[in-house]
>>> print(open('input_34.csv').read())   # CSV, C-alpha atoms
chain,number,residue,atom,x,y,z
X,1,MET,CA,89.1,-43.1,-40.1
X,2,ILE,CA,89.2,-40.8,-37.0
X,3,ARG,CA,89.5,-43.8,-34.7
X,4,LYS,CA,92.2,-45.5,-36.7
X,5,LYS,CA,94.5,-42.6,-37.6
X,6,ASN,CA,95.6,-39.7,-35.4
X,7,SER,CA,92.3,-39.7,-33.6
X,8,TRP,CA,93.1,-36.9,-31.1
X,9,LEU,CA,94.4,-34.5,-33.8
X,10,LYS,CA,91.6,-35.2,-36.3
X,11,SER,CA,88.9,-34.9,-33.6
X,12,ALA,CA,90.4,-31.6,-32.4
X,13,TRP,CA,90.5,-30.3,-36.0
X,14,ILE,CA,86.9,-31.2,-36.6
X,15,THR,CA,85.7,-29.7,-33.3
X,16,PHE,CA,87.5,-26.4,-33.4
X,17,ILE,CA,87.9,-25.7,-37.2
X,18,GLU,CA,85.5,-27.7,-39.3
X,19,ARG,CA,82.5,-27.3,-37.1
X,20,SER,CA,82.2,-23.6,-38.1
X,21,THR,CA,82.5,-24.5,-41.8
X,22,PHE,CA,79.6,-26.9,-41.6
X,23,VAL,CA,77.3,-24.8,-39.3
X,24,ARG,CA,77.7,-21.8,-41.5
X,25,ALA,CA,76.9,-23.7,-44.7
X,26,ALA,CA,73.6,-23.3,-46.4
X,27,GLY,CA,73.8,-27.0,-47.4
X,28,VAL,CA,76.2,-30.0,-47.2
X,29,HIS,CA,76.5,-32.3,-50.1
X,30,VAL,CA,77.2,-35.9,-49.2
X,31,THR,CA,77.7,-38.8,-51.7
X,32,ALA,CA,76.2,-41.5,-49.5
X,33,GLU,CA,73.7,-41.9,-46.7
X,34,LEU,CA,76.5,-43.3,-44.6
X,35,GLU,CA,78.2,-39.9,-44.8
X,36,ALA,CA,75.0,-38.2,-43.8
X,37,ASP,CA,74.6,-40.5,-40.8
X,38,GLU,CA,78.1,-39.9,-39.6
X,39,LEU,CA,77.7,-36.1,-40.0
X,40,ARG,CA,74.5,-36.1,-38.0
X,41,SER,CA,76.3,-38.0,-35.2
X,42,PHE,CA,78.2,-34.8,-34.4
X,43,GLY,CA,75.0,-33.2,-33.3
X,44,TRP,CA,75.6,-29.9,-35.1
X,45,PRO,CA,72.8,-27.6,-36.2
X,46,LEU,CA,73.0,-28.0,-39.9
X,47,GLN,CA,70.8,-26.3,-42.5
X,48,GLU,CA,70.5,-29.1,-45.0
X,49,ILE,CA,72.2,-32.4,-45.8
X,50,ALA,CA,71.7,-33.4,-49.5
X,51,TRP,CA,72.5,-36.9,-50.7
X,52,ILE,CA,73.7,-36.6,-54.3
X,53,PRO,CA,75.7,-39.7,-55.5
X,54,ASN,CA,78.6,-39.5,-57.8
X,55,GLY,CA,77.8,-40.1,-61.5
X,56,VAL,CA,79.3,-42.9,-63.6
X,57,ASP,CA,80.8,-42.1,-67.0
X,58,VAL,CA,80.9,-45.4,-69.0
X,59,PRO,CA,82.3,-45.3,-72.5
X,60,ALA,CA,80.0,-46.1,-75.4
X,61,ARG,CA,82.7,-48.5,-76.6
X,62,HIS,CA,85.6,-50.3,-75.0
X,63,GLN,CA,87.9,-53.2,-75.7
X,64,THR,CA,86.4,-56.5,-74.7
X,65,ARG,CA,89.6,-58.1,-73.3
X,66,ALA,CA,92.3,-56.4,-71.3
X,67,ALA,CA,95.5,-56.2,-73.2
X,68,GLY,CA,99.2,-55.7,-72.6
X,69,PRO,CA,100.3,-57.0,-69.2
X,70,PHE,CA,96.7,-58.1,-68.5
X,71,ALA,CA,96.4,-60.3,-71.6
X,72,ASN,CA,97.5,-63.5,-69.8
X,73,LEU,CA,95.2,-63.2,-66.8
X,74,PRO,CA,93.3,-66.4,-66.0
X,75,ALA,CA,89.9,-66.8,-67.6
X,76,ARG,CA,88.2,-66.7,-64.2
X,77,TYR,CA,89.2,-64.3,-61.5
X,78,ALA,CA,87.9,-62.1,-58.7
X,79,LEU,CA,88.9,-58.5,-58.9
X,80,PHE,CA,90.0,-55.7,-56.6
X,81,LEU,CA,90.7,-52.4,-58.5
X,82,SER,CA,91.5,-49.3,-56.5
X,83,ARG,CA,94.5,-47.6,-54.8
X,84,ILE,CA,96.7,-49.9,-52.9
X,85,SER,CA,96.1,-48.4,-49.5
X,86,TRP,CA,95.7,-49.6,-45.9
X,87,LYS,CA,92.1,-48.2,-45.8
X,88,LYS,CA,90.9,-50.4,-48.6
X,89,GLY,CA,91.0,-53.5,-46.4
X,90,LEU,CA,93.4,-55.5,-48.6
X,91,ASP,CA,94.9,-57.1,-45.5
X,92,ARG,CA,91.7,-58.8,-44.6
X,93,LEU,CA,90.9,-59.6,-48.3
X,94,ILE,CA,94.2,-61.4,-48.8
X,95,THR,CA,93.8,-63.2,-45.4
X,96,ALA,CA,90.4,-64.3,-46.5
X,97,TRP,CA,91.7,-65.8,-49.8
X,98,GLN,CA,93.3,-68.8,-48.0
X,99,TRP,CA,89.7,-70.1,-47.6
X,100,VAL,CA,88.7,-69.3,-51.2
X,101,PRO,CA,89.9,-72.1,-53.4
X,102,ASP,CA,90.1,-72.5,-57.1
X,103,ILE,CA,90.1,-68.9,-58.2
X,104,PRO,CA,92.8,-66.2,-58.2
X,105,LEU,CA,92.4,-62.7,-56.8
X,106,VAL,CA,93.6,-60.0,-59.1
X,107,ILE,CA,94.7,-56.8,-57.3
X,108,ALA,CA,95.0,-53.8,-59.6
X,109,GLY,CA,95.9,-50.3,-58.8
X,110,ASN,CA,98.6,-47.8,-58.0
X,111,ASP,CA,100.8,-48.2,-54.9
X,112,ASP,CA,101.3,-44.6,-54.0
X,113,GLU,CA,101.8,-45.4,-50.3
X,114,GLY,CA,104.5,-48.1,-50.6
X,115,TYR,CA,102.0,-50.5,-49.0
X,116,GLN,CA,102.2,-53.3,-51.6
X,117,PRO,CA,105.4,-55.0,-50.3
X,118,LYS,CA,103.6,-55.6,-46.9
X,119,LEU,CA,100.7,-57.2,-48.7
X,120,GLN,CA,102.9,-59.4,-50.9
X,121,ALA,CA,104.7,-60.6,-47.8
X,122,LEU,CA,101.3,-61.4,-46.2
X,123,ALA,CA,100.3,-63.4,-49.3
X,124,GLN,CA,103.6,-65.2,-49.2
X,125,SER,CA,103.3,-66.1,-45.6
X,126,LEU,CA,99.8,-67.6,-46.3
X,127,GLY,CA,101.1,-69.6,-49.3
X,128,LEU,CA,99.0,-67.5,-51.7
X,129,THR,CA,101.7,-66.1,-54.0
X,130,ASP,CA,100.3,-68.0,-57.0
X,131,ARG,CA,96.7,-67.0,-56.4
X,132,VAL,CA,97.0,-63.4,-55.3
X,133,LEU,CA,98.2,-61.5,-58.4
X,134,PHE,CA,99.4,-57.9,-58.2
X,135,VAL,CA,99.1,-56.3,-61.7
X,136,GLY,CA,99.8,-52.7,-61.1
X,137,HIS,CA,98.3,-49.6,-62.7
X,138,VAL,CA,95.3,-50.0,-65.0
X,139,GLY,CA,94.4,-47.5,-67.7
X,140,ASP,CA,90.9,-46.7,-68.8
X,141,ASP,CA,91.2,-48.9,-71.9
X,142,ASP,CA,91.8,-52.0,-69.8
X,143,LYS,CA,89.7,-51.1,-66.7
X,144,TRP,CA,86.3,-51.7,-68.3
X,145,ALA,CA,87.4,-55.0,-69.7
X,146,LEU,CA,88.7,-56.2,-66.4
X,147,PHE,CA,85.4,-55.3,-64.7
X,148,GLU,CA,83.4,-57.0,-67.4
X,149,ASP,CA,85.5,-60.2,-67.4
X,150,ALA,CA,85.7,-60.6,-63.6
X,151,GLN,CA,83.5,-63.2,-61.8
X,152,LEU,CA,83.0,-60.6,-59.0
X,153,PHE,CA,84.4,-57.4,-57.7
X,154,VAL,CA,85.4,-57.0,-54.0
X,155,LEU,CA,86.0,-53.8,-52.1
X,156,PRO,CA,86.3,-54.5,-48.3
X,157,SER,CA,87.3,-51.0,-47.2
X,158,TYR,CA,87.6,-49.9,-43.7
X,159,SER,CA,86.3,-46.5,-44.8
X,160,GLU,CA,85.0,-45.3,-48.2
X,161,ASN,CA,83.0,-42.1,-48.8
X,162,PHE,CA,81.2,-43.4,-51.9
X,163,GLY,CA,83.1,-46.0,-53.9
X,164,ASN,CA,83.2,-45.0,-57.6
X,165,VAL,CA,84.9,-48.2,-58.6
X,166,VAL,CA,81.9,-50.2,-57.2
X,167,ALA,CA,79.5,-48.2,-59.4
X,168,GLU,CA,81.8,-48.7,-62.4
X,169,ALA,CA,81.9,-52.5,-61.8
X,170,MET,CA,78.1,-52.5,-61.6
X,171,ALA,CA,77.8,-50.5,-64.8
X,172,MET,CA,79.7,-53.3,-66.5
X,173,GLY,CA,77.4,-56.0,-65.2
X,174,CYS,CA,79.9,-57.3,-62.6
X,175,PRO,CA,78.4,-58.4,-59.3
X,176,VAL,CA,80.0,-56.7,-56.3
X,177,LEU,CA,80.8,-57.6,-52.7
X,178,VAL,CA,81.5,-54.7,-50.3
X,179,SER,CA,81.9,-53.9,-46.6
X,180,PRO,CA,79.3,-51.9,-44.8
X,181,GLU,CA,81.8,-49.0,-44.5
X,182,VAL,CA,81.7,-48.4,-48.3
X,183,GLY,CA,79.4,-45.5,-48.9
X,184,ILE,CA,77.6,-47.1,-51.9
X,185,ALA,CA,76.8,-50.2,-49.8
X,186,ALA,CA,73.1,-49.3,-49.3
X,187,PHE,CA,72.7,-48.7,-53.1
X,188,VAL,CA,74.2,-52.1,-53.7
X,189,SER,CA,71.7,-53.7,-51.3
X,190,GLU,CA,68.7,-51.8,-52.7
X,191,ALA,CA,69.6,-52.8,-56.2
X,192,ALA,CA,70.3,-56.4,-55.2
X,193,ALA,CA,73.5,-56.1,-57.3
X,194,GLY,CA,75.7,-58.1,-55.0
X,195,ALA,CA,76.2,-58.4,-51.2
X,196,VAL,CA,77.3,-56.3,-48.2
X,197,THR,CA,79.2,-58.4,-45.7
X,198,ASP,CA,81.1,-58.1,-42.5
X,199,CYS,CA,84.7,-58.3,-43.7
X,200,ASP,CA,86.2,-60.3,-40.9
X,201,PRO,CA,88.4,-62.6,-43.1
X,202,VAL,CA,86.5,-65.8,-42.3
X,203,LYS,CA,83.1,-64.2,-43.0
X,204,LEU,CA,84.4,-62.4,-46.1
X,205,ALA,CA,85.7,-65.7,-47.5
X,206,ALA,CA,82.3,-67.4,-46.8
X,207,ALA,CA,80.5,-64.5,-48.7
X,208,VAL,CA,82.9,-64.9,-51.7
X,209,ARG,CA,82.5,-68.7,-51.8
X,210,GLU,CA,78.7,-68.3,-51.7
X,211,MET,CA,78.6,-65.9,-54.6
X,212,LEU,CA,81.1,-68.0,-56.7
X,213,ALA,CA,78.9,-71.1,-56.1
X,214,GLU,CA,75.9,-69.5,-57.9
X,215,PRO,CA,76.7,-68.4,-61.5
X,216,ALA,CA,73.1,-67.8,-62.4
X,217,THR,CA,72.6,-65.6,-59.3
X,218,ARG,CA,75.8,-63.6,-60.1
X,219,ALA,CA,74.5,-63.0,-63.6
X,220,GLU,CA,71.2,-61.7,-62.2
X,221,MET,CA,73.1,-59.5,-59.7
X,222,GLY,CA,75.2,-58.1,-62.6
X,223,ALA,CA,72.2,-57.3,-64.7
X,224,ARG,CA,70.4,-55.6,-61.9
X,225,GLY,CA,73.5,-53.5,-61.0
X,226,ARG,CA,73.9,-52.4,-64.6
X,227,GLU,CA,70.3,-51.3,-64.8
X,228,ALA,CA,70.5,-49.5,-61.4
X,229,VAL,CA,73.5,-47.5,-62.5
X,230,ARG,CA,71.8,-46.4,-65.7
X,231,ALA,CA,68.7,-45.4,-63.9
X,232,HIS,CA,70.1,-43.5,-60.9
X,233,LEU,CA,73.8,-42.6,-61.5
X,234,SER,CA,73.7,-40.9,-64.9
X,235,TRP,CA,75.5,-37.6,-65.0
X,236,ASP,CA,72.4,-35.8,-66.3
X,237,GLY,CA,70.4,-36.8,-63.2
X,238,VAL,CA,73.3,-36.1,-60.8
X,239,ALA,CA,74.0,-32.6,-62.3
X,240,GLU,CA,70.3,-31.7,-62.0
X,241,GLN,CA,70.3,-32.6,-58.3
X,242,ALA,CA,73.5,-30.6,-57.7
X,243,GLU,CA,72.1,-27.6,-59.5
X,244,ASN,CA,69.0,-27.7,-57.4
X,245,LEU,CA,71.1,-27.8,-54.2
X,246,TYR,CA,73.1,-24.8,-55.3
X,247,ARG,CA,70.0,-22.8,-56.1
X,248,ARG,CA,68.6,-23.5,-52.7
X,249,ALA,CA,72.0,-22.6,-51.1
X,250,VAL,CA,72.2,-19.2,-52.7
X,251,SER,CA,68.6,-18.4,-51.7
X,252,THR,CA,69.3,-19.3,-48.0
X,253,GLU,CA,70.4,-16.8,-45.5
X,254,THR,CA,73.8,-17.8,-44.0
X,255,PRO,CA,73.3,-18.5,-40.3
X,256,VAL,CA,75.4,-16.7,-37.6
X,257,LEU,CA,77.6,-19.2,-35.8
X,258,ALA,CA,76.6,-19.4,-32.1
X,259,THR,CA,79.5,-19.1,-29.6
>>> encode(input="input_34.csv", output="C-alpha cells")
Amino acid sequence: MIRKKNSWLKSAWITFIERSTFVRAAGVHVTAELEADELRSFGWPLQEIAWIPNGVDVPARHQTRAAGPFANLPARYALFLSRISWKKGLDRLITAWQWVPDIPLVIAGNDDEGYQPKLQALAQSLGLTDRVLFVGHVGDDDKWALFEDAQLFVLPSYSENFGNVVAEAMAMGCPVLVSPEVGIAAFVSEAAAGAVTDCDPVKLAAAVREMLAEPATRAEMGARGREAVRAHLSWDGVAEQAENLYRRAVSTETPVLAT
C-alpha cells in the first residue's frame, strides 16, 4: 500500500509519527502473520507482537437462497464480495475472466469510491459484459446464501490486513482463492481450504479453472474450511486471546522512547 499510494507521504508519517506509537506500546495486536512480518521489517524495538485473528460471527439460521435482486442469479457462479475498491484487485480478476469459460463472475459490494464504472468499462472492452455481473450492495440476509451457493470465492487483493470475507466464505463451506497479500492466506493454506495464487491475470485464471475442474476437491476444501473456522476463529477463543494480551500489556512497564 505504501508503494502504490502516496509512498513518500506515508513513509514519512510512519517514520516520524507512528514509530513512537509502536515503540512505546507494551504490545501490538496484528490480525495476520503477514502484518507481523511487515511490521518487523521496519526494524523497530517492539515489546511484543501478538497474532490474534478476527472472529467470525455466523448466524445459527439463514435463508438458503439469496432473494430480491439476487434471486435470478445463475445456478453456478464464482463470487467476489467486498468493497468495490482498487486495492481489492478487481482489475486483474476481471482481466483473468476472459480465460475462464462457462461460469459467470458475480461481483457484490458497495462502490463508495466510484470505481465500478472503470471496471464495467474494462469488462465491456474484454467482451465480458454478460459474464461479469455487478449486483451491488448485499445485506446480511443474502450474504450467507451467496457464499453457500457459490462454486468458489475469489479475493485477489493487492493488500488486505486480514480478510474477514474469506473467513465468512470458509464458514459457509465455500472454497476460497486468494492472493498472497491477503492476511488470512496462510490460514487458508494451513487449513487446505482453497488456494493461494499469484494473481497475475493469466495465472489467476489458471488457478480458477483448476479449482472449477474438480468438484469433489472443492467440496473437500469447503468442508475443511468450515471446520477450521469453527475450531480457530470462534469469538470465545479470540476474546480470550485478546484479554490475555491486555493483561500482559497493563503489567508491562512502558519503555522510554530512545532519541
>>> closest_residue(input="input_34.csv", among="X:Glu243, X:Glu181, X:Glu113, X:Glu38", to="Phe162 of chain X", atoms="all atoms listed in the file")
X:Glu181
>>> closest_residue(input="input_34.csv", among="X:Leu126, X:Met170, X:Ala192, X:Ala185", to="Leu34 of chain X", atoms="all atoms listed in the file")
X:Ala185
>>> atom_distance(input="input_34.csv", atom1="atom CA of Thr217 of chain X", atom2="atom CA of Pro175 of chain X")
9.2 Å
>>> residues_around(input="input_34.csv", residues="Thr197 of chain X", least_positions_apart="4", cutoff="12 Å", atoms="all atoms listed in the file", output="list of chain:residue names")
X:Val154, X:Leu155, X:Pro156, X:Ser157, X:Val176, X:Leu177, X:Val178, X:Ser179, X:Pro180, X:Glu181, X:Val182, X:Ala185, X:Ala186, X:Val188, X:Ser189, X:Pro201, X:Val202, X:Lys203, X:Leu204, X:Ala205, X:Ala206, X:Ala207, X:Val208, X:Glu210, X:Met211
>>> atom_distance(input="input_34.csv", atom1="atom CA of Arg131 of chain X", atom2="atom CA of Glu160 of chain X")
26.0 Å
>>> atom_distance(input="input_34.csv", atom1="atom CA of Pro59 of chain X", atom2="atom CA of Ala231 of chain X")
16.1 Å
>>> residues_around(input="input_34.csv", residues="Glu168 of chain X", least_positions_apart="4", cutoff="10 Å", atoms="all atoms listed in the file", output="PyMOL selection string")
chain X and resi 55-58+143-144+147-148+163-164+172-174+225-226+229
>>> residues_around(input="input_34.csv", residues="Leu119 of chain X", least_positions_apart="6", cutoff="9 Å", atoms="all atoms listed in the file", output="list in words")
Leu90, Asp91 and Ile94 of chain X
>>> write_last_selection(input="input_34.csv", atoms="C-alpha atoms", output="mmCIF file, in the coordinates of the input")
data_model
loop_
_atom_site.group_PDB
_atom_site.id
_atom_site.type_symbol
_atom_site.label_atom_id
_atom_site.label_comp_id
_atom_site.auth_asym_id
_atom_site.auth_seq_id
_atom_site.Cartn_x
_atom_site.Cartn_y
_atom_site.Cartn_z
ATOM 1 C CA LEU X 90 93.400 -55.500 -48.600
ATOM 2 C CA ASP X 91 94.900 -57.100 -45.500
ATOM 3 C CA ILE X 94 94.200 -61.400 -48.800
#
>>> closest_residue(input="input_34.csv", among="X:Gly194, X:Pro74, X:Gly183, X:Gly109", to="Ile52 of chain X", atoms="only C-alpha atoms")
X:Gly183
>>> closest_residue(input="input_34.csv", among="X:Ala239, X:Gly222, X:Val28, X:Leu128", to="Leu152 of chain X", atoms="all atoms listed in the file")
X:Gly222
>>> closest_residue(input="input_34.csv", among="X:Gly114, X:Ala242, X:Asp142, X:Gln98", to="Gly127 of chain X", atoms="all atoms listed in the file")
X:Gln98
>>> closest_residue(input="input_34.csv", among="X:Phe80, X:Trp86, X:Phe22, X:Trp235", to="Phe134 of chain X", atoms="all atoms listed in the file")
X:Phe80
>>> build_atoms(input="input_34.csv", residues="segment 157-185 of chain X", atoms="N, CA and C atoms", output="CSV table (one decimal), in the coordinates of the input")
chain,number,residue,atom,x,y,z
X,157,SER,N,86.7,-52.2,-47.9
X,157,SER,CA,87.3,-51.0,-47.2
X,157,SER,C,86.9,-50.8,-45.8
X,158,TYR,N,87.9,-50.3,-45.0
X,158,TYR,CA,87.6,-49.9,-43.7
X,158,TYR,C,86.8,-48.5,-43.7
X,159,SER,N,87.0,-47.7,-44.7
X,159,SER,CA,86.3,-46.5,-44.8
X,159,SER,C,86.3,-46.1,-46.3
X,160,GLU,N,85.1,-45.7,-46.8
X,160,GLU,CA,85.0,-45.3,-48.2
X,160,GLU,C,83.8,-44.4,-48.4
X,161,ASN,N,84.1,-43.1,-48.8
X,161,ASN,CA,83.0,-42.1,-48.8
X,161,ASN,C,81.9,-42.5,-49.8
X,162,PHE,N,82.2,-43.0,-50.9
X,162,PHE,CA,81.2,-43.4,-51.9
X,162,PHE,C,81.6,-44.8,-52.5
X,163,GLY,N,82.7,-44.8,-53.3
X,163,GLY,CA,83.1,-46.0,-53.9
X,163,GLY,C,82.8,-46.0,-55.4
X,164,ASN,N,83.4,-45.1,-56.1
X,164,ASN,CA,83.2,-45.0,-57.6
X,164,ASN,C,83.5,-46.3,-58.3
X,165,VAL,N,84.5,-47.0,-57.9
X,165,VAL,CA,84.9,-48.2,-58.6
X,165,VAL,C,83.8,-49.3,-58.5
X,166,VAL,N,83.0,-49.3,-57.4
X,166,VAL,CA,81.9,-50.2,-57.2
X,166,VAL,C,80.8,-49.9,-58.3
X,167,ALA,N,80.5,-48.6,-58.4
X,167,ALA,CA,79.5,-48.2,-59.4
X,167,ALA,C,80.0,-48.5,-60.8
X,168,GLU,N,81.3,-48.4,-61.1
X,168,GLU,CA,81.8,-48.7,-62.4
X,168,GLU,C,81.7,-50.2,-62.6
X,169,ALA,N,82.0,-51.0,-61.6
X,169,ALA,CA,81.9,-52.5,-61.8
X,169,ALA,C,80.4,-52.8,-62.1
X,170,MET,N,79.5,-52.2,-61.3
X,170,MET,CA,78.1,-52.5,-61.6
X,170,MET,C,77.7,-52.1,-63.0
X,171,ALA,N,78.2,-51.0,-63.5
X,171,ALA,CA,77.8,-50.5,-64.8
X,171,ALA,C,78.2,-51.5,-65.9
X,172,MET,N,79.3,-52.3,-65.6
X,172,MET,CA,79.7,-53.3,-66.5
X,172,MET,C,79.1,-54.7,-66.3
X,173,GLY,N,78.1,-54.7,-65.4
X,173,GLY,CA,77.4,-56.0,-65.2
X,173,GLY,C,78.2,-56.9,-64.3
X,174,CYS,N,79.1,-56.4,-63.5
X,174,CYS,CA,79.9,-57.3,-62.6
X,174,CYS,C,79.3,-57.3,-61.2
X,175,PRO,N,78.9,-58.4,-60.6
X,175,PRO,CA,78.4,-58.4,-59.3
X,175,PRO,C,79.4,-58.0,-58.3
X,176,VAL,N,79.0,-57.3,-57.2
X,176,VAL,CA,80.0,-56.7,-56.3
X,176,VAL,C,79.7,-57.2,-54.8
X,177,LEU,N,80.9,-57.2,-54.1
X,177,LEU,CA,80.8,-57.6,-52.7
X,177,LEU,C,81.6,-56.5,-51.9
X,178,VAL,N,80.9,-55.8,-51.0
X,178,VAL,CA,81.5,-54.7,-50.3
X,178,VAL,C,81.3,-54.8,-48.8
X,179,SER,N,82.1,-54.0,-48.1
X,179,SER,CA,81.9,-53.9,-46.6
X,179,SER,C,80.9,-52.8,-46.3
X,180,PRO,N,80.3,-52.9,-45.1
X,180,PRO,CA,79.3,-51.9,-44.8
X,180,PRO,C,79.8,-50.5,-44.7
X,181,GLU,N,81.1,-50.3,-44.6
X,181,GLU,CA,81.8,-49.0,-44.5
X,181,GLU,C,82.0,-48.3,-45.8
X,182,VAL,N,81.6,-49.0,-46.9
X,182,VAL,CA,81.7,-48.4,-48.3
X,182,VAL,C,80.4,-47.6,-48.5
X,183,GLY,N,80.5,-46.3,-48.9
X,183,GLY,CA,79.4,-45.5,-48.9
X,183,GLY,C,78.2,-46.0,-49.8
X,184,ILE,N,78.6,-46.6,-50.9
X,184,ILE,CA,77.6,-47.1,-51.9
X,184,ILE,C,76.9,-48.4,-51.5
X,185,ALA,N,77.3,-48.9,-50.3
X,185,ALA,CA,76.8,-50.2,-49.8
X,185,ALA,C,75.2,-50.3,-49.8
